[in-house]
Amino acid sequence: MNKNKKQGVLLVNLGTPDEPTAPAVKRFLSQFLHDKRVVDTTRWLWCPVLHGIILPIRAPKVAKLYQSVWMDEGSPLMVYSQRQAAKLAEQLDIPVALGMTYGNPSVLSGVTRLVEQGVEEVIVLPLYPQYSATTTAAVSDALTLAFKQMAEIPAYRFIRDYHDHPLYIKALAESVRRSWQEKGQSEYLVCSYHGIPKRYADNGDVYPQHCEQTTKLLQQELGLNDDQIGMTYQSRFGREEWLQPYTDKTIETLPGKGIKSLDIMTPAFAADCLETLEEISGEVQELFKEHGGESFNFIPCLNEDQLHIDMMVELVNQHR
């Protein structure tokens with residue numbers, strides 16, 4: 001990059017409803033589930049099902065789930081993302097804007113805010129450690145759509161993934177060690193990643209390989225053996241086969257194998273959100289205890305942890 005030009009950073013995450021209400025959730029899910037990167041079903045088949053069945057049924061249910069995790073300042077994902085952007089801007093001393101692939105603030109509004117501050121070159125950092133077409137590529141699509149609406153686009157660099165970055169692994173490991181120091185080490189550590197349909201991986205999406213590599217590097221950093229750590233995939237949707245092993249099904253079997261105390265973390269998520277706070281800390285914890293588990297410890301996402309911000313600084317500086 002030309003360091004004579006003013007640079008800025010666009011942090012991008014998936015997005016969140018504006019409010020924990022059925023109408024707001026419906027708007028958000030509609031945009032999200034219309035993206036062919038997320039659901040590639042033929043439109044004339046998918047759209048009537050989406051609008052006639054899925055959204056009317058799911059929106060009120062999901063709104064209640066959002067209400068259970070909503071913070072005073074707003075949606076957890078938005079709150080933590082804003083804190084990340086503020087800390088990153090402070091450490092880099094260059095403009096940092098937030099954009100969401102779906103919902104507000106949009107990627108276009110994020111890029112526009114940077115340009116309005118005189119930024120000529122944008123470093124785009126999608127907050128997805130492991131690459132997937134369903135997430136990272138969707139950010140690229142959103143960026144292209146934003147540029148289509150601009151008379152003059154800035155130069156930009158796109159950080160594709162950081163699943164094996166040493167500072168990312170270090171930050172994950174330190175979050176685990178900190179949990180062990182505070183609550184004691186459980187018998188088993190589960191790394192639960194967001195799932196994708198198995199067909200996507202069969203067609204070339206490298207996401208599962210990235211998840212496996214992250215888990216392997218974390219295992220090495222923590223000095224755990226194969227009987228002390230494992231990985232699973234959560235948040236599947238619909239009847240199609242998704243990446244396995246499934247988090248919920250795995251958790252149900254652990255107590256029967258003698259594992260009564262469990263640590264669980266979500267390395268694919270850069271910020272706590274509905275899928276970590278409600279699904280893992282809530283639903284999955286209940287499953288574990290219903291099947292005989294005794295101690296369940298959810299290790300939060302890295303959020304605005306200083307080591308996480310240090311990693312972002314390093315990533316950005318590597319692309320300047």
# chains A, B, ... in the order shown; residues from 1 in each chain; ligands from 1
call {"tool": "residues_around", "arguments": {"residues": "range 157-165 of chain A", "least_positions_apart": "5", "cutoff": "7 Å", "atoms": "only C-alpha atoms", "output": "PyMOL selection string"}}
result
chain A and resi 122-126+128-131+136+210+213-214
call {"tool": "write_last_selection", "arguments": {"atoms": "N, CA and C atoms", "output": "short mmCIF file (atom, residue, chain, number, x, y, z; two decimals), in the first residue's frame"}}
result
data_model
loop_
_atom_site.label_atom_id
_atom_site.label_comp_id
_atom_site.auth_asym_id
_atom_site.auth_seq_id
_atom_site.Cartn_x
_atom_site.Cartn_y
_atom_site.Cartn_z
N VAL A 122 -8.53 1.59 2.18
CA VAL A 122 -9.25 0.91 3.25
C VAL A 122 -8.71 -0.51 3.43
N ILE A 123 -8.41 -0.85 4.67
CA ILE A 123 -8.05 -2.22 5.01
C ILE A 123 -9.30 -2.88 5.57
N VAL A 124 -9.81 -3.87 4.86
CA VAL A 124 -11.06 -4.53 5.24
C VAL A 124 -10.73 -5.76 6.07
N LEU A 125 -11.24 -5.78 7.30
CA LEU A 125 -10.99 -6.90 8.20
C LEU A 125 -12.31 -7.57 8.58
N PRO A 126 -12.70 -8.63 7.86
CA PRO A 126 -13.87 -9.41 8.28
C PRO A 126 -13.52 -10.18 9.55
N TYR A 128 -13.99 -12.91 10.84
CA TYR A 128 -14.18 -14.35 10.72
C TYR A 128 -12.80 -15.00 10.64
N PRO A 129 -12.32 -15.60 11.71
CA PRO A 129 -10.97 -16.17 11.69
C PRO A 129 -10.81 -17.23 10.60
N GLN A 130 -11.83 -18.09 10.46
CA GLN A 130 -11.78 -19.17 9.48
C GLN A 130 -12.56 -18.74 8.23
N TYR A 131 -11.95 -18.87 7.07
CA TYR A 131 -12.63 -18.48 5.83
C TYR A 131 -13.81 -19.39 5.55
N THR A 136 -17.04 -14.90 4.89
CA THR A 136 -15.99 -14.02 4.37
C THR A 136 -16.30 -13.57 2.94
N HIS A 210 -9.87 -25.10 8.06
CA HIS A 210 -9.43 -23.98 8.89
C HIS A 210 -9.81 -24.20 10.35
N GLN A 213 -7.50 -26.76 11.83
CA GLN A 213 -6.16 -26.21 12.06
C GLN A 213 -6.15 -25.33 13.30
N THR A 214 -7.18 -24.50 13.47
CA THR A 214 -7.27 -23.67 14.67
C THR A 214 -7.27 -24.54 15.92
#
call {"tool": "select_by_dssp", "arguments": {"residues": "range 55-174 of chain A", "states": "alpha helix (DSSP H)", "output": "ChimeraX atom specification"}}
result
/A:55-69,76-92,107-116,136-148,166-174
call {"tool": "closest_atom_pairs", "arguments": {"of": "range 109-203 of chain A", "to": "range 227-249 of chain A", "cutoff": "10 Å", "atoms": "only C-alpha atoms", "output": "Markdown table"}}
result
| residue | atom | partner | partner_atom | distance |
| --- | --- | --- | --- | --- |
| A:Ser186 | CA | A:Gln228 | CA | 8.9 |
| A:Glu187 | CA | A:Gln228 | CA | 6.5 |
| A:Tyr188 | CA | A:Gln228 | CA | 4.7 |
| A:Leu189 | CA | A:Ile229 | CA | 4.6 |
| A:Val190 | CA | A:Gly230 | CA | 5.0 |
| A:Cys191 | CA | A:Met231 | CA | 4.6 |
| A:Ser192 | CA | A:Thr232 | CA | 4.8 |
| A:Tyr193 | CA | A:Tyr233 | CA | 4.8 |
| A:His194 | CA | A:Gln234 | CA | 5.0 |
| A:Gly195 | CA | A:Tyr233 | CA | 4.8 |
| A:Ile196 | CA | A:Trp242 | CA | 5.6 |
| A:Pro197 | CA | A:Trp242 | CA | 4.0 |
| A:Lys198 | CA | A:Trp242 | CA | 4.5 |
| A:Arg199 | CA | A:Trp242 | CA | 7.6 |
| A:Tyr200 | CA | A:Trp242 | CA | 8.9 |
| A:Ala201 | CA | A:Leu243 | CA | 8.1 |
call {"tool": "closest_residue", "arguments": {"among": "A:Val49, A:Cys273, A:Leu254, A:Ala137", "to": "Ser68 in chain A", "atoms": "only C-alpha atoms"}}
result
A:Cys273
call {"tool": "residues_around", "arguments": {"residues": "range 105-114 of chain A", "least_positions_apart": "4", "cutoff": "10 Å", "atoms": "only C-alpha atoms", "output": "VMD selection string"}}
result
chain A and resid 6 to 13 15 to 16 18 78 94 to 101 118 to 122 124 139 to 140 142 to 150 153 to 154
call {"tool": "closest_residue", "arguments": {"among": "A:Phe28, A:Glu290, A:Glu19, A:Ile299", "to": "Glu73 in chain A", "atoms": "only C-alpha atoms"}}
result
A:Glu19
call {"tool": "residues_around", "arguments": {"residues": "Leu302 in chain A", "least_positions_apart": "5", "cutoff": "12 Å", "atoms": "only C-alpha atoms", "output": "PyMOL selection string"}}
result
chain A and resi 77+80-81+83-84+127+129+167-176+178+265-273+276+307-312
call {"tool": "residues_around", "arguments": {"residues": "Pro23 in chain A", "least_positions_apart": "4", "cutoff": "10 Å", "atoms": "only C-alpha atoms", "output": "PyMOL selection string"}}
result
chain A and resi 17-19+27-29+55-56+59-60+63
call {"tool": "decode", "arguments": {"residues": "range 231-273 of chain A", "atoms": "N, CA and C atoms", "output": "PDB file, in the first residue's frame"}}
result
ATOM      1  N   MET A 231     -13.563 -30.883  18.834  1.00  0.00           N
ATOM      2  CA  MET A 231     -14.242 -29.814  18.114  1.00  0.00           C
ATOM      3  C   MET A 231     -15.569 -30.306  17.556  1.00  0.00           C
ATOM      4  N   THR A 232     -16.527 -29.380  17.485  1.00  0.00           N
ATOM      5  CA  THR A 232     -17.864 -29.692  17.007  1.00  0.00           C
ATOM      6  C   THR A 232     -18.391 -28.512  16.190  1.00  0.00           C
ATOM      7  N   TYR A 233     -19.564 -28.715  15.583  1.00  0.00           N
ATOM      8  CA  TYR A 233     -20.210 -27.665  14.791  1.00  0.00           C
ATOM      9  C   TYR A 233     -21.634 -27.440  15.292  1.00  0.00           C
ATOM     10  N   GLN A 234     -22.003 -26.181  15.458  1.00  0.00           N
ATOM     11  CA  GLN A 234     -23.297 -25.802  16.023  1.00  0.00           C
ATOM     12  C   GLN A 234     -24.166 -25.075  15.011  1.00  0.00           C
ATOM     13  N   SER A 235     -25.386 -24.744  15.450  1.00  0.00           N
ATOM     14  CA  SER A 235     -26.292 -23.815  14.737  1.00  0.00           C
ATOM     15  C   SER A 235     -26.766 -24.321  13.381  1.00  0.00           C
ATOM     16  N   ARG A 236     -26.947 -25.628  13.231  1.00  0.00           N
ATOM     17  CA  ARG A 236     -27.448 -26.110  11.942  1.00  0.00           C
ATOM     18  C   ARG A 236     -28.910 -25.734  11.770  1.00  0.00           C
ATOM     19  N   PHE A 237     -29.327 -25.665  10.515  1.00  0.00           N
ATOM     20  CA  PHE A 237     -30.661 -25.182  10.184  1.00  0.00           C
ATOM     21  C   PHE A 237     -31.202 -26.010   9.023  1.00  0.00           C
ATOM     22  N   GLY A 238     -32.454 -26.456   9.116  1.00  0.00           N
ATOM     23  CA  GLY A 238     -33.052 -27.236   8.042  1.00  0.00           C
ATOM     24  C   GLY A 238     -32.715 -28.713   8.144  1.00  0.00           C
ATOM     25  N   ARG A 239     -33.087 -29.468   7.131  1.00  0.00           N
ATOM     26  CA  ARG A 239     -32.953 -30.923   7.165  1.00  0.00           C
ATOM     27  C   ARG A 239     -31.683 -31.439   6.496  1.00  0.00           C
ATOM     28  N   GLU A 240     -30.996 -30.582   5.781  1.00  0.00           N
ATOM     29  CA  GLU A 240     -29.788 -30.997   5.065  1.00  0.00           C
ATOM     30  C   GLU A 240     -28.676 -31.365   6.047  1.00  0.00           C
ATOM     31  N   GLU A 241     -27.797 -32.287   5.640  1.00  0.00           N
ATOM     32  CA  GLU A 241     -26.664 -32.646   6.478  1.00  0.00           C
ATOM     33  C   GLU A 241     -25.668 -31.492   6.543  1.00  0.00           C
ATOM     34  N   TRP A 242     -25.229 -31.174   7.745  1.00  0.00           N
ATOM     35  CA  TRP A 242     -24.234 -30.132   7.963  1.00  0.00           C
ATOM     36  C   TRP A 242     -22.936 -30.773   8.425  1.00  0.00           C
ATOM     37  N   LEU A 243     -21.908 -29.951   8.589  1.00  0.00           N
ATOM     38  CA  LEU A 243     -20.633 -30.468   9.071  1.00  0.00           C
ATOM     39  C   LEU A 243     -20.820 -31.148  10.424  1.00  0.00           C
ATOM     40  N   GLN A 244     -20.146 -32.259  10.591  1.00  0.00           N
ATOM     41  CA  GLN A 244     -20.228 -33.006  11.848  1.00  0.00           C
ATOM     42  C   GLN A 244     -18.839 -33.134  12.461  1.00  0.00           C
ATOM     43  N   PRO A 245     -18.759 -33.441  13.768  1.00  0.00           N
ATOM     44  CA  PRO A 245     -19.844 -33.789  14.695  1.00  0.00           C
ATOM     45  C   PRO A 245     -20.644 -32.563  15.142  1.00  0.00           C
ATOM     46  N   TYR A 246     -21.928 -32.780  15.383  1.00  0.00           N
ATOM     47  CA  TYR A 246     -22.802 -31.708  15.839  1.00  0.00           C
ATOM     48  C   TYR A 246     -22.552 -31.427  17.323  1.00  0.00           C
ATOM     49  N   THR A 247     -22.578 -30.160  17.679  1.00  0.00           N
ATOM     50  CA  THR A 247     -22.324 -29.779  19.072  1.00  0.00           C
ATOM     51  C   THR A 247     -23.336 -30.396  20.032  1.00  0.00           C
ATOM     52  N   ASP A 248     -24.626 -30.232  19.737  1.00  0.00           N
ATOM     53  CA  ASP A 248     -25.644 -30.713  20.671  1.00  0.00           C
ATOM     54  C   ASP A 248     -25.583 -32.229  20.850  1.00  0.00           C
ATOM     55  N   LYS A 249     -25.444 -32.949  19.742  1.00  0.00           N
ATOM     56  CA  LYS A 249     -25.397 -34.420  19.825  1.00  0.00           C
ATOM     57  C   LYS A 249     -24.159 -34.886  20.580  1.00  0.00           C
ATOM     58  N   THR A 250     -23.047 -34.221  20.378  1.00  0.00           N
ATOM     59  CA  THR A 250     -21.808 -34.585  21.070  1.00  0.00           C
ATOM     60  C   THR A 250     -21.926 -34.344  22.566  1.00  0.00           C
ATOM     61  N   ILE A 251     -22.465 -33.178  22.923  1.00  0.00           N
ATOM     62  CA  ILE A 251     -22.590 -32.810  24.335  1.00  0.00           C
ATOM     63  C   ILE A 251     -23.444 -33.829  25.092  1.00  0.00           C
ATOM     64  N   GLU A 252     -24.472 -34.352  24.416  1.00  0.00           N
ATOM     65  CA  GLU A 252     -25.359 -35.321  25.063  1.00  0.00           C
ATOM     66  C   GLU A 252     -24.628 -36.612  25.439  1.00  0.00           C
ATOM     67  N   THR A 253     -23.592 -36.952  24.668  1.00  0.00           N
ATOM     68  CA  THR A 253     -22.906 -38.234  24.883  1.00  0.00           C
ATOM     69  C   THR A 253     -21.769 -38.163  25.901  1.00  0.00           C
ATOM     70  N   LEU A 254     -21.257 -36.967  26.180  1.00  0.00           N
ATOM     71  CA  LEU A 254     -20.053 -36.850  27.008  1.00  0.00           C
ATOM     72  C   LEU A 254     -20.225 -37.381  28.439  1.00  0.00           C
ATOM     73  N   PRO A 255     -21.324 -37.032  29.127  1.00  0.00           N
ATOM     74  CA  PRO A 255     -21.459 -37.558  30.495  1.00  0.00           C
ATOM     75  C   PRO A 255     -21.434 -39.086  30.546  1.00  0.00           C
ATOM     76  N   GLY A 256     -22.008 -39.737  29.526  1.00  0.00           N
ATOM     77  CA  GLY A 256     -22.003 -41.198  29.476  1.00  0.00           C
ATOM     78  C   GLY A 256     -20.615 -41.777  29.290  1.00  0.00           C
ATOM     79  N   LYS A 257     -19.688 -40.941  28.835  1.00  0.00           N
ATOM     80  CA  LYS A 257     -18.301 -41.374  28.656  1.00  0.00           C
ATOM     81  C   LYS A 257     -17.444 -41.005  29.872  1.00  0.00           C
ATOM     82  N   GLY A 258     -18.109 -40.535  30.914  1.00  0.00           N
ATOM     83  CA  GLY A 258     -17.390 -40.215  32.139  1.00  0.00           C
ATOM     84  C   GLY A 258     -16.948 -38.779  32.273  1.00  0.00           C
ATOM     85  N   ILE A 259     -17.298 -37.940  31.284  1.00  0.00           N
ATOM     86  CA  ILE A 259     -16.914 -36.521  31.343  1.00  0.00           C
ATOM     87  C   ILE A 259     -18.034 -35.743  32.019  1.00  0.00           C
ATOM     88  N   LYS A 260     -17.793 -35.372  33.272  1.00  0.00           N
ATOM     89  CA  LYS A 260     -18.815 -34.686  34.063  1.00  0.00           C
ATOM     90  C   LYS A 260     -18.595 -33.178  34.143  1.00  0.00           C
ATOM     91  N   SER A 261     -17.368 -32.738  33.835  1.00  0.00           N
ATOM     92  CA  SER A 261     -17.073 -31.299  33.849  1.00  0.00           C
ATOM     93  C   SER A 261     -16.570 -30.879  32.477  1.00  0.00           C
ATOM     94  N   LEU A 262     -17.094 -29.768  31.967  1.00  0.00           N
ATOM     95  CA  LEU A 262     -16.845 -29.382  30.577  1.00  0.00           C
ATOM     96  C   LEU A 262     -16.536 -27.899  30.463  1.00  0.00           C
ATOM     97  N   ASP A 263     -15.478 -27.587  29.700  1.00  0.00           N
ATOM     98  CA  ASP A 263     -15.211 -26.228  29.240  1.00  0.00           C
ATOM     99  C   ASP A 263     -15.617 -26.168  27.776  1.00  0.00           C
ATOM    100  N   ILE A 264     -16.252 -25.082  27.361  1.00  0.00           N
ATOM    101  CA  ILE A 264     -16.633 -24.951  25.952  1.00  0.00           C
ATOM    102  C   ILE A 264     -16.384 -23.522  25.486  1.00  0.00           C
ATOM    103  N   MET A 265     -15.842 -23.385  24.279  1.00  0.00           N
ATOM    104  CA  MET A 265     -15.553 -22.080  23.700  1.00  0.00           C
ATOM    105  C   MET A 265     -15.969 -22.076  22.239  1.00  0.00           C
ATOM    106  N   THR A 266     -16.054 -20.876  21.648  1.00  0.00           N
ATOM    107  CA  THR A 266     -16.539 -20.738  20.273  1.00  0.00           C
ATOM    108  C   THR A 266     -15.538 -19.939  19.436  1.00  0.00           C
ATOM    109  N   PRO A 267     -14.462 -20.579  18.957  1.00  0.00           N
ATOM    110  CA  PRO A 267     -13.371 -19.849  18.298  1.00  0.00           C
ATOM    111  C   PRO A 267     -13.721 -19.197  16.961  1.00  0.00           C
ATOM    112  N   ALA A 268     -14.845 -19.570  16.349  1.00  0.00           N
ATOM    113  CA  ALA A 268     -15.213 -18.961  15.068  1.00  0.00           C
ATOM    114  C   ALA A 268     -15.884 -17.605  15.236  1.00  0.00           C
ATOM    115  N   PHE A 269     -16.272 -17.284  16.472  1.00  0.00           N
ATOM    116  CA  PHE A 269     -16.983 -16.039  16.743  1.00  0.00           C
ATOM    117  C   PHE A 269     -16.027 -15.025  17.368  1.00  0.00           C
ATOM    118  N   ALA A 270     -15.915 -13.859  16.765  1.00  0.00           N
ATOM    119  CA  ALA A 270     -15.039 -12.806  17.301  1.00  0.00           C
ATOM    120  C   ALA A 270     -15.706 -12.018  18.409  1.00  0.00           C
ATOM    121  N   ALA A 271     -17.028 -12.122  18.503  1.00  0.00           N
ATOM    122  CA  ALA A 271     -17.779 -11.392  19.527  1.00  0.00           C
ATOM    123  C   ALA A 271     -18.956 -12.242  19.979  1.00  0.00           C
ATOM    124  N   ASP A 272     -19.254 -12.171  21.253  1.00  0.00           N
ATOM    125  CA  ASP A 272     -20.400 -12.914  21.764  1.00  0.00           C
ATOM    126  C   ASP A 272     -21.686 -12.401  21.136  1.00  0.00           C
ATOM    127  N   CYS A 273     -22.603 -13.338  20.909  1.00  0.00           N
ATOM    128  CA  CYS A 273     -23.827 -13.028  20.177  1.00  0.00           C
ATOM    129  C   CYS A 273     -24.879 -14.070  20.560  1.00  0.00           C
TER     130      CYS A 273
END
